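Here's start-v1.cif, which has mmCIF, C-alpha atoms:
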data_query
loop_
_atom_site.label_atom_id
_atom_site.label_comp_id
_atom_site.auth_asym_id
_atom_site.auth_seq_id
_atom_site.Cartn_x
_atom_site.Cartn_y
_atom_site.Cartn_z
CA MET A 6 -19.66 7.17 10.02
CA ARG A 7 -23.01 6.96 8.35
CA PRO A 8 -23.74 7.89 4.76
CA MET A 9 -25.66 11.12 4.41
CA THR A 10 -29.21 11.03 3.19
CA THR A 11 -30.50 13.69 0.83
CA GLY A 12 -32.28 15.33 3.76
CA GLY A 13 -29.07 15.19 5.74
CA PHE A 14 -27.23 16.83 2.88
CA SER A 15 -29.73 19.67 2.75
CA ILE A 16 -29.41 20.27 6.47
CA ILE A 17 -25.62 20.13 6.31
CA ALA A 18 -25.60 22.41 3.28
CA ALA A 19 -27.89 24.88 5.04
CA PHE A 20 -25.73 24.83 8.16
CA GLY A 21 -22.64 25.01 5.99
CA VAL A 22 -23.83 28.13 4.24
CA ALA A 23 -24.85 29.61 7.59
CA ALA A 24 -21.48 28.78 9.09
CA ALA A 25 -19.67 30.09 6.05
CA THR A 26 -21.70 33.31 6.25
CA ALA A 27 -20.72 33.70 9.87
CA PHE A 28 -17.12 32.99 8.92
CA ALA A 29 -16.51 36.39 7.44
CA GLU A 30 -17.63 38.07 10.67
CA ASP A 31 -15.90 35.68 13.04
CA ASP A 32 -12.18 35.13 13.30
CA ALA A 33 -12.64 31.63 14.70
CA GLN A 34 -11.35 28.81 12.52
CA THR A 35 -14.25 27.65 10.44
CA PRO A 36 -13.97 25.53 7.35
CA VAL A 37 -15.39 26.70 4.04
CA MET A 38 -17.94 24.49 2.34
CA VAL A 39 -17.16 22.62 -0.83
CA GLU A 40 -20.27 22.09 -2.92
CA TRP A 41 -19.68 19.10 -5.20
CA SER A 42 -23.25 18.85 -6.42
CA ALA A 43 -26.71 19.83 -5.21
CA ASP A 44 -26.72 17.01 -2.69
CA ALA A 45 -23.03 16.54 -1.89
CA VAL A 46 -21.09 18.99 0.26
CA SER A 47 -18.05 18.68 2.48
CA PRO A 48 -16.04 21.05 4.67
CA GLY A 49 -12.77 22.31 3.23
CA ILE A 50 -9.76 23.93 4.89
CA CYS A 51 -7.31 26.41 3.48
CA VAL A 52 -3.77 25.06 3.94
CA GLY A 53 -0.37 25.49 2.33
CA LYS A 54 -1.31 28.40 0.08
CA THR A 55 -4.10 30.96 0.30
CA THR A 56 -5.55 29.56 -2.91
CA TRP A 57 -5.38 25.89 -1.88
CA PHE A 58 -8.11 23.97 -0.04
CA VAL A 59 -8.04 20.42 1.21
CA SER A 60 -11.18 18.38 1.68
CA VAL A 61 -12.43 14.82 1.68
CA ALA A 62 -15.28 14.42 -0.77
CA PRO A 63 -18.28 12.20 0.02
CA SER A 64 -18.03 8.75 -1.54
CA SER A 65 -20.69 9.60 -4.14
CA VAL A 66 -18.46 12.30 -5.70
CA LYS A 67 -16.55 11.53 -8.89
CA ALA A 68 -13.02 12.68 -9.70
CA ASP A 69 -14.20 14.81 -12.64
CA SER A 70 -16.59 16.88 -10.51
CA LYS A 71 -16.48 20.66 -10.70
CA PRO A 72 -16.78 21.94 -7.12
CA THR A 73 -17.71 25.38 -5.85
CA LEU A 74 -16.30 26.89 -2.66
CA ILE A 75 -18.73 28.74 -0.42
CA ALA A 76 -17.35 31.17 2.16
CA GLY A 77 -19.75 33.80 3.47
CA ASP A 78 -21.46 35.30 0.45
CA GLN A 79 -18.62 34.24 -1.82
CA ARG A 80 -19.16 31.40 -4.26
CA VAL A 81 -16.04 30.56 -6.23
CA ALA A 82 -15.44 27.83 -8.77
CA ALA A 83 -12.51 25.60 -7.80
CA LYS A 84 -10.18 23.44 -9.85
CA VAL A 85 -9.43 19.91 -8.61
CA LEU A 86 -5.63 19.52 -8.51
CA HIS A 87 -5.62 16.09 -6.86
CA PHE A 88 -8.34 13.54 -6.13
CA ASP A 89 -7.44 10.36 -4.28
CA SER A 90 -9.55 7.56 -5.70
CA ASP A 91 -9.55 5.54 -2.48
CA LEU A 92 -10.19 7.98 0.37
CA HIS A 93 -11.32 10.94 -1.77
CA LEU A 94 -8.73 13.24 -0.21
CA CYS A 95 -8.58 16.15 -2.61
CA LEU A 96 -6.72 19.37 -3.19
CA LEU A 97 -8.64 22.24 -4.74
CA GLU A 98 -7.38 25.52 -6.12
CA VAL A 99 -9.14 28.83 -6.64
CA ALA A 100 -7.89 31.54 -8.98
CA GLU A 101 -7.75 34.29 -6.33
CA PRO A 102 -7.48 34.09 -2.53
CA LEU A 103 -10.87 34.39 -0.84
CA ALA A 104 -11.53 37.48 1.27
CA ASP A 105 -11.19 37.28 5.09
CA LEU A 106 -9.65 33.85 5.05
CA THR A 107 -7.14 32.47 7.52
CA LEU A 108 -4.79 29.64 6.76
CA PHE A 109 -5.05 26.50 8.86
CA SER A 110 -1.77 25.08 10.11
CA LEU A 111 -0.93 21.39 10.30
CA ALA A 112 0.17 19.72 13.52
CA PRO A 113 3.88 18.83 13.56
CA ASN A 114 5.02 15.22 13.22
CA PRO A 115 4.48 12.80 14.78
CA VAL A 116 0.71 13.15 14.87
CA GLY A 117 -1.87 10.88 16.33
CA ARG A 118 -0.90 9.91 19.84
CA ALA A 119 -3.63 7.75 21.38
CA GLY A 120 -5.59 9.57 24.05
CA GLU A 121 -5.02 13.05 22.60
CA LYS A 122 -8.13 15.23 22.81
CA LEU A 123 -9.30 16.86 19.62
CA SER A 124 -12.16 18.99 18.46
CA SER A 125 -14.13 18.32 15.26
CA LEU A 126 -14.87 21.56 13.48
CA SER A 127 -18.25 20.54 12.20
CA THR A 128 -20.69 22.96 10.69
CA TYR A 129 -22.90 22.18 13.71
CA GLY A 130 -20.20 23.46 16.03
CA ASP A 131 -17.45 21.79 17.97
CA CYS A 132 -17.61 18.15 18.91
CA ARG A 133 -15.32 16.52 21.43
CA SER A 134 -13.25 13.65 20.11
CA THR A 135 -10.22 11.63 21.11
CA ILE A 136 -7.62 9.71 19.15
CA ALA A 137 -8.09 6.01 19.89
CA GLY A 138 -5.10 4.84 17.87
CA LYS A 139 -3.80 4.30 14.39
CA ASP A 140 -5.04 1.62 11.99
CA TRP A 141 -2.94 -0.02 9.28
CA SER A 142 -5.82 -2.29 8.41
CA TYR A 143 -9.43 -2.53 9.45
CA ARG A 144 -11.22 -5.84 9.91
CA GLY A 145 -8.70 -7.66 7.75
CA GLU A 146 -8.73 -5.06 4.98
CA PRO A 147 -5.31 -3.41 4.59
CA LEU A 148 -5.36 0.37 4.30
CA ASP A 149 -3.36 2.33 1.77
CA MET A 150 -2.05 4.61 4.50
CA PRO A 151 -2.32 4.47 8.30
CA LEU A 152 -5.48 6.23 9.44
CA LEU A 153 -6.26 7.79 12.80
CA ARG A 154 -9.09 6.05 14.62
CA ILE A 155 -11.16 8.74 16.29
CA ARG A 156 -13.71 8.30 19.06
CA VAL A 157 -16.40 10.96 18.84
CA GLU A 158 -19.19 12.13 21.06
CA ASP A 159 -21.86 12.00 18.40
CA SER A 160 -20.82 10.56 15.06
CA GLU A 161 -24.32 10.84 13.57
CA HIS A 162 -24.32 14.63 13.61
CA PHE A 163 -20.68 15.60 13.70
CA CYS A 164 -18.75 13.14 11.58
CA HIS A 165 -18.99 13.91 7.92
CA PRO A 166 -16.22 13.49 5.36
CA GLY A 167 -13.88 16.46 5.26
CA THR A 168 -14.53 17.53 8.86
CA PRO A 169 -11.24 18.87 10.22
CA LEU A 170 -9.98 17.76 13.63
CA VAL A 171 -7.94 20.31 15.54
CA ASN A 172 -5.80 20.01 18.64
CA LYS A 173 -5.72 22.41 21.57
CA ASP A 174 -3.34 24.70 19.65
CA GLY A 175 -5.79 24.98 16.76
CA GLN A 176 -3.61 22.88 14.45
CA ILE A 177 -5.09 20.30 12.12
CA GLU A 178 -4.42 16.75 13.31
CA GLY A 179 -6.53 15.05 10.67
CA ILE A 180 -9.55 15.16 8.38
CA LEU A 181 -12.41 12.71 8.70
CA THR A 182 -12.98 10.23 5.90
CA ASP A 183 -16.19 8.73 4.56
CA ARG A 184 -15.28 5.22 5.72
CA ILE A 185 -18.05 3.41 7.55
CA LEU A 186 -16.83 1.74 10.73
CA ALA A 187 -18.56 -0.97 12.68
CA THR A 188 -18.62 1.09 15.86
CA LYS A 189 -21.01 4.01 15.68
CA THR A 190 -18.91 6.28 17.85
CA GLU A 191 -15.72 5.82 15.84
CA ALA A 192 -14.46 7.30 12.60
CA HIS A 193 -11.29 7.20 10.51
CA ALA A 194 -9.29 10.33 9.77
CA ILE A 195 -6.45 11.07 7.37
CA PRO A 196 -3.49 12.23 9.50
CA ALA A 197 -1.98 15.69 9.05
CA SER A 198 1.34 14.11 8.04
CA GLN A 199 -0.26 12.76 4.86
CA ILE A 200 -1.86 16.12 4.11
CA ARG A 201 1.56 17.76 4.51
CA LYS A 202 3.09 15.23 2.11
CA LEU A 203 0.31 15.89 -0.42
CA LEU A 204 0.94 19.65 -0.30
CA ARG A 205 4.73 19.35 -0.64
CA ASP A 206 4.56 16.80 -3.44
CA MET A 207 2.03 18.91 -5.33
CA GLU A 208 4.13 22.05 -4.89
CA ARG A 209 7.24 20.36 -6.22
CA TYR A 210 6.01 17.80 -8.76
CA ASP A 211 2.32 18.47 -9.34
CA ARG A 212 1.65 14.86 -8.34
CA THR A 213 1.89 12.72 -5.23
CA GLY A 214 2.55 9.08 -4.45
CA LYS A 215 4.54 6.67 -2.35
CA VAL A 216 8.27 7.18 -2.09
CA TRP A 217 11.10 4.66 -2.32
CA LEU A 218 14.49 4.58 -0.64
CA GLY A 219 15.76 1.08 -1.44
CA LEU A 220 16.03 -0.30 2.08
CA LEU A 221 15.20 -3.96 2.74
CA LEU A 222 14.10 -4.84 6.26
CA HIS A 223 13.05 -8.11 7.80
CA GLU A 224 9.28 -8.14 8.18
CA GLU A 225 9.23 -10.17 11.38
CA SER A 226 11.83 -8.11 13.17
CA THR A 227 10.63 -5.30 15.39
CA THR A 228 14.05 -3.62 15.23
CA PRO A 229 14.32 -1.27 12.25
CA GLU A 230 17.55 -2.85 11.02
CA VAL A 231 18.60 -2.73 7.38
CA ILE A 232 19.09 -6.22 5.98
CA GLU A 233 20.08 -5.21 2.47
CA VAL A 234 20.42 -2.04 0.44
CA VAL A 235 19.13 -2.11 -3.13
CA GLU A 236 21.75 -1.34 -5.76
CA ASN A 237 21.56 2.11 -7.37
CA SER A 238 18.87 3.17 -4.91
CA PRO A 239 18.70 6.52 -3.09
CA ALA A 240 19.69 4.65 0.10
CA GLU A 241 22.81 3.15 -1.47
CA LYS A 242 23.86 6.48 -2.98
CA SER A 243 23.53 8.06 0.48
CA GLY A 244 25.77 5.48 2.13
CA PHE A 245 23.35 3.10 3.87
CA ALA A 246 24.78 -0.34 4.56
CA SER A 247 23.36 -3.63 5.73
CA GLY A 248 23.34 -3.90 9.51
CA ASP A 249 22.50 -0.22 10.07
CA VAL A 250 19.86 0.25 12.75
CA ILE A 251 17.66 3.30 12.18
CA LEU A 252 17.32 5.36 15.36
CA SER A 253 15.48 8.44 14.12
CA LEU A 254 14.13 10.07 10.99
CA ASN A 255 13.98 13.85 10.72
CA GLN A 256 14.57 14.17 14.48
CA THR A 257 11.63 11.86 15.27
CA GLU A 258 12.67 8.83 17.26
CA ILE A 259 11.97 5.50 15.54
CA GLU A 260 11.34 2.73 18.02
CA ASN A 261 10.13 -0.09 15.81
CA LEU A 262 9.56 -1.17 12.23
CA SER A 263 5.95 0.10 12.07
CA GLU A 264 7.06 3.59 13.05
CA LEU A 265 9.75 3.52 10.37
CA VAL A 266 7.31 2.38 7.67
CA GLU A 267 4.88 5.14 8.62
CA ALA A 268 7.61 7.80 8.76
CA ILE A 269 8.84 6.82 5.29
CA HIS A 270 5.22 6.87 4.00
CA ASP A 271 5.00 10.50 5.12
CA LEU A 272 8.18 11.65 3.34
CA PRO A 273 7.67 14.02 0.45
CA ALA A 274 9.51 13.03 -2.73
CA GLY A 275 12.64 15.00 -3.58
CA GLU A 276 13.01 16.45 -0.07
CA LYS A 277 16.12 15.59 1.92
CA ALA A 278 15.38 13.30 4.88
CA THR A 279 17.85 12.92 7.76
CA PHE A 280 18.31 9.48 9.28
CA GLU A 281 20.23 8.83 12.45
CA ILE A 282 21.63 5.31 12.40
CA LEU A 283 23.64 2.99 14.57
CA ARG A 284 26.56 1.46 12.69
CA GLY A 285 28.71 -0.82 14.75
CA LEU A 286 28.94 0.97 18.06
CA SER A 287 28.67 4.52 16.83
CA ARG A 288 25.85 6.79 15.76
CA LYS A 289 25.92 8.35 12.33
CA GLU A 290 23.74 10.75 10.33
CA ILE A 291 22.73 9.98 6.75
CA GLN A 292 20.77 12.21 4.41
CA VAL A 293 18.64 10.62 1.72
CA VAL A 294 16.50 12.14 -0.99
CA PRO A 295 13.51 9.82 -1.53
CA GLN A 296 12.16 9.39 -5.03
CA PHE A 297 8.69 8.45 -6.22
CA ALA A 298 8.23 4.70 -6.19
CA VAL A 299 7.18 2.72 -9.21
CA SER A 300 3.76 1.35 -8.48
CA LEU A 301 2.46 -1.91 -9.93
CA THR A 302 0.18 0.10 -12.21
CA ASP A 303 3.22 1.89 -13.68
CA VAL A 304 4.85 -1.37 -14.75
CA PRO A 305 4.16 -2.14 -18.42
CA MET B 17 27.84 5.54 30.31
CA LYS B 18 24.32 6.32 29.23
CA ASP B 19 25.29 5.94 25.60
CA GLU B 20 26.84 2.59 26.35
CA GLU B 21 23.63 1.39 28.00
CA GLU B 22 21.61 2.56 25.02
CA VAL B 23 23.93 0.75 22.67
CA GLN B 24 23.63 -2.42 24.73
CA LYS B 25 19.84 -2.13 24.65
CA LEU B 26 19.89 -1.72 20.90
CA ILE B 27 22.18 -4.70 20.45
CA ALA B 28 19.84 -6.73 22.61
CA LEU B 29 16.91 -5.64 20.46
CA LYS B 30 18.80 -6.74 17.40
CA ARG B 31 18.31 -10.42 18.11
CA TYR B 32 15.97 -12.07 15.68
CA GLU B 33 13.22 -14.34 16.83
CA THR B 34 13.34 -17.94 15.78
CA PRO B 35 10.49 -19.12 13.58
CA GLY B 36 7.34 -19.77 15.56
CA GLU B 37 5.36 -22.99 15.73
CA ALA B 38 3.23 -21.88 12.81
CA TYR B 39 6.29 -22.02 10.57
CA TYR B 40 7.04 -25.67 11.39
CA GLU B 41 3.38 -26.59 11.00
CA GLN B 42 3.30 -24.99 7.59
CA PHE B 43 6.55 -26.59 6.50
CA ALA B 44 5.01 -30.00 5.82
CA GLU B 45 2.22 -28.41 3.77
CA ASN B 46 4.71 -26.38 1.75
CA PHE B 47 6.78 -29.51 1.13
CA LYS B 48 3.76 -31.41 -0.17
CA ASP B 49 2.78 -28.49 -2.39
CA ARG B 50 6.24 -28.42 -3.93
CA GLN B 51 6.19 -32.18 -4.41
CA ARG B 52 2.87 -31.93 -6.21
CA SER B 53 4.09 -29.10 -8.42
CA GLU B 54 7.21 -31.14 -9.29
CA MET B 55 5.00 -34.04 -10.34
CA LEU B 56 2.92 -31.78 -12.53
CA ARG B 57 6.04 -30.67 -14.33
CA HIS B 58 6.65 -34.17 -15.70
CA SER B 59 5.70 -34.47 -19.36
CA SER B 60 2.61 -36.42 -20.28
CA ARG B 61 4.74 -38.81 -22.39
CA ALA B 62 6.91 -39.73 -19.40
CA LEU B 63 3.82 -40.28 -17.29
CA LEU B 64 2.28 -42.54 -19.98
CA ALA B 65 5.49 -44.59 -20.29
CA GLU B 66 5.67 -44.90 -16.51
CA ARG B 67 2.06 -46.06 -16.25
CA VAL B 68 2.41 -48.58 -19.10
CA SER B 69 5.53 -50.04 -17.51
CA VAL B 70 3.79 -50.28 -14.12
CA TRP B 71 0.80 -51.99 -15.77
CA PHE B 72 3.01 -54.51 -17.51
CA ASN B 73 4.83 -55.23 -14.27
CA GLU B 74 1.50 -55.80 -12.54
CA MET B 75 0.48 -58.34 -15.22
CA ASN B 76 2.97 -60.61 -13.47
CA GLY B 77 4.49 -62.41 -16.44
CA ALA B 78 1.51 -62.58 -18.81
CA LYS B 79 3.65 -63.58 -21.79
CA TRP B 80 0.68 -63.95 -24.12
CA LEU B 81 0.47 -60.16 -24.18
CA ALA B 82 3.76 -59.79 -26.02
CA PRO B 83 2.57 -61.08 -29.45
CA ALA B 84 -0.71 -59.17 -29.04
CA GLY B 85 1.25 -56.00 -28.35
CA ALA B 86 3.48 -56.60 -31.35
CA VAL B 87 0.44 -57.05 -33.62
CA ALA B 88 -1.11 -53.85 -32.27
CA ALA B 89 2.14 -51.95 -32.88
CA ALA B 90 2.37 -53.31 -36.45
CA VAL B 91 -1.24 -52.24 -37.15
CA ALA B 92 -0.50 -48.76 -35.79
CA VAL B 93 2.59 -48.41 -38.02
CA GLY B 94 0.64 -49.65 -41.03
CA VAL B 95 -2.13 -47.14 -40.48
CA PHE B 96 0.44 -44.37 -40.15
CA VAL B 97 2.36 -45.32 -43.34
CA LEU B 98 -0.56 -46.30 -45.55
CA GLY B 99 -2.99 -43.71 -44.22
CA PRO B 100 -4.97 -41.33 -46.44
CA GLU B 101 -2.86 -38.74 -48.24
CA GLU B 102 -3.49 -35.03 -47.95
CA ASN B 103 -6.39 -33.87 -50.00
CA GLU B 104 -4.80 -31.78 -52.74
CA ASN B 105 -8.18 -30.56 -53.90
CA ALA B 106 -9.16 -29.09 -50.55
CA THR B 107 -10.38 -25.50 -50.74
CA PRO B 108 -8.16 -22.73 -49.32
CA MET B 109 -10.82 -22.00 -46.67
CA ALA B 110 -10.77 -25.62 -45.49
CA LEU B 111 -6.96 -25.57 -45.31
CA LEU B 112 -7.07 -22.32 -43.39
CA ALA B 113 -9.55 -23.83 -40.94
CA GLU B 114 -7.23 -26.82 -40.42
CA GLN B 115 -4.29 -24.49 -39.77
CA GLU B 116 -6.35 -22.55 -37.24
CA VAL B 117 -7.22 -25.76 -35.40
CA GLU B 118 -3.53 -26.74 -35.35
CA ALA B 119 -2.52 -23.30 -34.16
CA ALA B 120 -5.14 -23.46 -31.43
CA SER B 121 -3.92 -26.85 -30.26
CA ILE B 122 -0.29 -25.65 -30.20
CA GLY B 123 -1.33 -22.49 -28.38
CA GLY B 124 -3.14 -24.57 -25.76
CA ASN B 125 0.09 -26.35 -24.82
CA GLU B 126 2.16 -23.20 -24.56
CA ASP B 127 3.29 -22.05 -21.15
CA PHE B 128 1.70 -18.70 -20.42
CA GLN B 129 3.96 -16.04 -19.00
CA ILE B 130 3.26 -13.48 -16.32
CA ASP B 131 4.85 -10.07 -16.84
CA LEU B 132 6.70 -9.17 -13.70
CA PRO B 133 8.40 -5.86 -12.98
CA LYS B 134 11.83 -5.66 -14.56
CA PRO B 135 14.76 -5.87 -12.13
CA ASP B 136 15.54 -2.17 -12.48
CA GLN B 137 11.96 -1.15 -11.66
CA ARG B 138 11.60 -1.25 -7.90
CA VAL B 139 8.20 -1.80 -6.43
CA PRO B 140 8.23 -0.77 -2.78
CA GLU B 141 6.74 -3.05 -0.18
CA LEU B 142 6.99 -5.94 -2.63
CA LYS B 143 7.85 -8.73 -0.26
CA SER B 144 10.52 -11.17 -1.28
CA GLU B 145 11.41 -14.39 0.48
CA VAL B 146 14.72 -14.35 2.30
CA THR B 147 16.96 -17.04 3.65
CA GLY B 148 19.66 -16.46 6.20
CA GLY B 149 23.20 -17.45 5.31
CA ALA B 150 26.59 -16.30 4.15
CA ASN B 151 25.40 -13.50 1.87
CA THR B 152 23.16 -11.76 4.39
CA ILE B 153 23.55 -10.56 7.92
CA LEU B 154 20.82 -12.97 8.97
CA PRO B 155 21.76 -16.15 10.80
CA ALA B 156 21.48 -19.28 8.64
CA SER B 157 18.33 -20.49 10.42
CA VAL B 158 16.32 -17.37 9.68
CA ARG B 159 13.57 -17.49 7.06
CA GLY B 160 10.91 -14.98 6.23
CA ASN B 161 9.98 -11.99 4.11
CA LEU B 162 11.77 -8.78 3.40
CA LEU B 163 9.99 -5.47 3.28
CA GLU B 164 11.28 -3.02 0.73
CA LEU B 165 10.97 0.63 1.59
#
Now, as a test, write the supplied structure out as structure tokens.
Amino acid sequence: MRPMTTGGFSIIAAFGVAAATAFAEDDAQTPVMVEWSADAVSPGICVGKTTWFVSVAPSSVKADSKPTLIAGDQRVAAKVLHFDSDLHLCLLEVAEPLADLTLFSLAPNPVGRAGEKLSSLSTYGDCRSTIAGKDWSYRGEPLDMPLLRIRVEDSEHFCHPGTPLVNKDGQIEGILTDRILATKTEAHAIPASQIRKLLRDMERYDRTGKVWLGLLLHEESTTPEVIEVVENSPAEKSGFASGDVILSLNQTEIENLSELVEAIHDLPAGEKATFEILRGLSRKEIQVVPQFAVSLTDVP
Amino acid sequence: MKDEEEVQKLIALKRYETPGEAYYEQFAENFKDRQRSEMLRHSSRALLAERVSVWFNEMNGAKWLAPAGAVAAAVAVGVFVLGPEENENATPMALLAEQEVEAASIGGNEDFQIDLPKPDQRVPELKSEVTGGANTILPASVRGNLLEL
């Protein structure tokens, strides 16, 4: 993805306003525009609540910005509820629901199967794109969360931060980030599972972050087998024991350690998660309530 | 029957891989690193004594050095005992400056500490080294890192 020039911003803003104007007359799913400043705009989608909008701000935008939502002839000031300092994923809130607005729905888990065809809802119109895979790191740089790698028809005109990617059922599979990739026809997107976690965490705790269960697994093993269970952890309280092999999490089959790590990353804090495990020769179900993890920055 | 097959597959998957060649290649380097760090932990006094004794041994019976050493030791003791007394008329500022210098020199020898998370504060994905053996389900030969989730 390329950084926008000022001229590019103007064009996008103009198209954005035009698209937002058409939005009121058209039932088709069109994102609203989030105006961060005179030269920084990004598409935003209404998800979770009628007053909530998710977007990915351009990299130039600061966390203390005061954005305005533009939908048709409506211009409404929005409050920033969450602003991710790394990827600029943000949750905005408006005081009253906007008129003639439809809620976007998020694709169910698991999202991001390689080869799946998607459509980028750019302000220029639709752009064909395909999921190329999922990246845990890019060119040696580890990522904070796994990102969808998207191949697009024309990244120069269609890939701007905040652009939603929808599947054939019209559900959001991801939102494009502002990360610049080496290949011009590829872009990174935040998967819908992370957006879902953000919404649920914010609803319940007014904050979001990584969760912790207290399971220790061997890094070099591909089998998701529990080596140890941390004392006084949610996992121990729920009855996990060393030697348990995790078969599924919330009805999603877990085939290897990477899938388990990703599935745990996507768990909202405080929400019961159902694990199916293999203990000895028999299958068993265990329910765990993950809690927010202590991050290194929290440690005094 | 199907369940049984699935269980057998899972048990087969459960086998851990033995350490790869990279592990054995790195072992020698790790050993040398530890050896070096052990050496660095010796006190400077012990190192000095060791070097002096090696030097004397290398002199190969140079007996004439013994009286010279004794004279040098006597001079050192004399200087220490009959050395200048503390200046009682020194100004408070000068004394304070001396104390600061002493404090700085003591501080320079102190071991600095790194604040790590307390045991009851779990940091997920903090990798800790693991060794197979009696207290874990890992075979004794297994080494590696644990991933905390």
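The residues returned by the PyMOL selection byres ((chain A and resi 193) around 7) on the shown structure are Leu152, Leu153, Arg154, Ile155, Leu181, Thr182, Arg184, Ala192, Ala194 and Ile195 of chain A.
Here atom CA of Leu86 of chain A stands at a distance of 12.2 Å from atom CA of Ala100 of chain A.
Between Leu272 of chain A and the candidates A:Arg201, A:His87, A:Lys139, A:Arg133, the tightest atom-to-atom separation, counting all atoms listed in the file, involves A:Arg201.
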Residue list for chain A near chain B as an NGL selection string, 7 Å, all atoms listed in the file: :A and (217-224 or 226 or 228 or 232 or 248 or 286 or 298-301 or 304)
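Atom CA of Ser64 of chain A sits 20.4 Å away from atom CA of Ala197 of chain A.
Across the structure, atom CA of Leu204 of chain A and atom CA of Val116 of chain A are spaced 16.5 Å apart.
A search radius of 7 Å centred on (-12.7, 9.3, 21.6), applied to all atoms listed in the file, returns the residues Ser134, Thr135, Ile136, Ala137, Ile155, Arg156 and Val157 of chain A.
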Hits of the PyMOL selection byres ((chain A and resi 80) around 12) in this structure, as a ChimeraX atom specification: /A:22,25-26,37-40,72-79,81-83,99,101,103-104
Could you give me, as a PDB file with C-alpha atoms, in the coordinates of the input, the residues within 6 Å of Gly167 of chain A, counting all atoms listed in the file and dropping anything in the same chain fewer than 3 positions from it?
ATOM      1  CA  SER A  47     -18.050  18.680   2.480  1.00  0.00           C
ATOM      2  CA  PRO A  48     -16.040  21.050   4.670  1.00  0.00           C
ATOM      3  CA  SER A  60     -11.180  18.380   1.680  1.00  0.00           C
ATOM      4  CA  VAL A  61     -12.430  14.820   1.680  1.00  0.00           C
ATOM      5  CA  ILE A 180      -9.550  15.160   8.380  1.00  0.00           C
ATOM      6  CA  LEU A 181     -12.410  12.710   8.700  1.00  0.00           C
TER       7      LEU A 181
END
Closest of A:Pro169, A:Asp206, A:Ser124, A:Asn114 to Glu267 of chain A - atom-to-atom distances counting only C-alpha atoms: A:Asn114
Can you pull out every residue within 9 Å of Ser253 of chain A, counting all atoms listed in the file, but drop anything in the same chain fewer than 2 positions away, and send it as a CSV table (one decimal) with C-alpha atoms, keeping the file's coordinate frame?
chain,number,residue,atom,x,y,z
A,251,ILE,CA,17.7,3.3,12.2
A,255,ASN,CA,14.0,13.8,10.7
A,256,GLN,CA,14.6,14.2,14.5
A,257,THR,CA,11.6,11.9,15.3
A,258,GLU,CA,12.7,8.8,17.3
A,259,ILE,CA,12.0,5.5,15.5
A,260,GLU,CA,11.3,2.7,18.0
A,265,LEU,CA,9.8,3.5,10.4
A,279,THR,CA,17.8,12.9,7.8
A,280,PHE,CA,18.3,9.5,9.3
A,281,GLU,CA,20.2,8.8,12.4
A,282,ILE,CA,21.6,5.3,12.4
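Residue nearest Lys84 of chain A within the list A:Trp41, A:Trp141, A:Phe245, A:Tyr210: A:Trp41 [criterion: smallest interatomic distance, all atoms listed in the file].
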